[in-house]
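As structure tokens, the structure follows; a few thoughts come after it.
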Amino acid sequence: LKSGGHCPWRMQNLQGYVRHTVGQVKGLLVKNNLPTDQQLNRYVQELVRTLARLTAGAPKALLHEVAQPFEGVWDFWGNKPLSGGPALSIDRLIYILGELESLLLAGGEVMGEIAIREINRRVRQLVRTTSYDRLHKDVMCPGGLLIQGTKVRISMQLSPDGSHHLISWRFRFGDRDVEECTLYWDEQFAYGGLSDEESSVCSANVSESPMRDAEHDLSCADVAM
């Protein structure tokens, strides 16, 4: 293994720990044995401490995905409740464990799933930080946009009622075809007020051009993100 690589046995330990924790919490819920707020905080603190130990030396993308479900209620890196944030609840713990279970125990190749999530995250970040007048030039390239070595084809169309845009993207990773989308608003765009006919024309014009598979499309440069 290269230095900094994630040892297979460590991944197995991480999966085993998450599997054990999910089963433990489900068992307590079946018995209606709910923790106090203090017990819940101690439990999550120990959960984070163990996750941090089991992911030591793991790729940054894996660390990001493991920490992500805690956002909003718990400082994963400081391992403490967020100051001024909402109180931790048993419902939030169930959500956190469900996300970890989906990531690590759903079957398939974990790092491949993480790579797909990272591409999707970077596309969303790119869309979020690009103004409307730059989207067509910088993001929706005819031949696709290279993100982490993967060609991603991105398109945008106006909703039928003219209230927002819908940005969609698709790419192939290994043997998987991935399609995602997100809503988009721009402060400078005049949303709303379109007739049904105008809305249909606008949607048709946008949807005709973006994701072309033409053999001679030109690719944009790789995005350094």
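Letters A, B, ... go to the chains of the structure tokens in the order shown; residues in each chain start at 1; ligands are counted from 1 in the same order.
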
* Mind checking which residues fall within 12 Å of Val66 in chain A, counting only C-alpha atoms, ignoring those fewer than 3 positions away in the same chain, and posting them as number ranges by chain? => A: 14-15, 18, 47-48, 50-52, 54-56, 58-63, 69-71, 76-77, 96-104, 110, 114, 117

Residues just named, written with C-alpha atoms as a PDB file, in the first residue's frame:
ATOM      1  CA  LEU A  14     -14.961   0.573  10.467  1.00  0.00           C
ATOM      2  CA  GLN A  15     -17.769  -1.357   8.821  1.00  0.00           C
ATOM      3  CA  VAL A  18     -20.940   0.814  12.367  1.00  0.00           C
ATOM      4  CA  LEU A  47     -19.104   7.267  18.686  1.00  0.00           C
ATOM      5  CA  VAL A  48     -17.115  10.135  17.164  1.00  0.00           C
ATOM      6  CA  THR A  50     -14.088   5.678  17.739  1.00  0.00           C
ATOM      7  CA  LEU A  51     -14.908   6.767  14.187  1.00  0.00           C
ATOM      8  CA  ALA A  52     -11.956   9.168  14.250  1.00  0.00           C
ATOM      9  CA  LEU A  54     -10.870   3.911  12.807  1.00  0.00           C
ATOM     10  CA  THR A  55     -10.556   6.435   9.965  1.00  0.00           C
ATOM     11  CA  ALA A  56      -7.075   7.691  10.924  1.00  0.00           C
ATOM     12  CA  ALA A  58      -8.092   7.328   5.490  1.00  0.00           C
ATOM     13  CA  PRO A  59      -8.561   9.377   2.291  1.00  0.00           C
ATOM     14  CA  LYS A  60      -9.956  12.870   2.866  1.00  0.00           C
ATOM     15  CA  ALA A  61     -13.058  12.061   0.831  1.00  0.00           C
ATOM     16  CA  LEU A  62     -13.928   9.227   3.228  1.00  0.00           C
ATOM     17  CA  LEU A  63     -13.360  11.462   6.262  1.00  0.00           C
ATOM     18  CA  PRO A  69     -24.081  13.486   8.887  1.00  0.00           C
ATOM     19  CA  PHE A  70     -23.006  15.207  12.128  1.00  0.00           C
ATOM     20  CA  GLU A  71     -23.125  18.680  10.586  1.00  0.00           C
ATOM     21  CA  PHE A  76     -17.080  16.192  14.555  1.00  0.00           C
ATOM     22  CA  TRP A  77     -13.474  17.441  14.481  1.00  0.00           C
ATOM     23  CA  ILE A  96     -26.556   9.860  11.563  1.00  0.00           C
ATOM     24  CA  LEU A  97     -26.377   6.089  11.875  1.00  0.00           C
ATOM     25  CA  GLY A  98     -28.652   5.664   8.862  1.00  0.00           C
ATOM     26  CA  GLU A  99     -26.312   7.788   6.743  1.00  0.00           C
ATOM     27  CA  LEU A 100     -23.255   5.856   7.931  1.00  0.00           C
ATOM     28  CA  GLU A 101     -25.051   2.575   7.285  1.00  0.00           C
ATOM     29  CA  SER A 102     -25.982   3.722   3.762  1.00  0.00           C
ATOM     30  CA  LEU A 103     -22.389   4.750   3.074  1.00  0.00           C
ATOM     31  CA  LEU A 104     -20.529   1.776   4.532  1.00  0.00           C
ATOM     32  CA  VAL A 110     -17.222   1.836  -0.598  1.00  0.00           C
ATOM     33  CA  ILE A 114     -17.392   7.927  -2.001  1.00  0.00           C
ATOM     34  CA  ARG A 117     -20.428  11.457  -3.886  1.00  0.00           C
TER      35      ARG A 117
END

* To do: Have a look at CA of Arg92 in chain A and CA of Ile116 in chain A and let me know their distance in Å, one decimal.
  => 24.8 Å

Show me a table, sorted first by chain and then by increasing residue number, of the residues of range 52-155 of chain A having an atom at most 9 Å from range 30-38 of chain A, each with its shortest atom pair and the distance in Å to one decimal, counting only C-alpha atoms and written as a Markdown table.
| residue | atom | partner | partner_atom | distance |
| --- | --- | --- | --- | --- |
| A:Ala87 | CA | A:Asp37 | CA | 8.7 |
| A:Leu88 | CA | A:Asp37 | CA | 7.7 |
| A:Ser89 | CA | A:Asp37 | CA | 7.6 |
| A:Ile90 | CA | A:Leu34 | CA | 7.9 |

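Between Gly85 in chain A and the residues A:Leu40, A:Leu146, A:Val123, A:Val73, the shortest atom-to-atom distance, using only C-alpha atoms, involves A:Val73.
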
* **Non-local contacts of Arg176 in chain A (12 Å; only C-alpha atoms; under 5 positions in same chain excluded) as a count of residues only** => 8
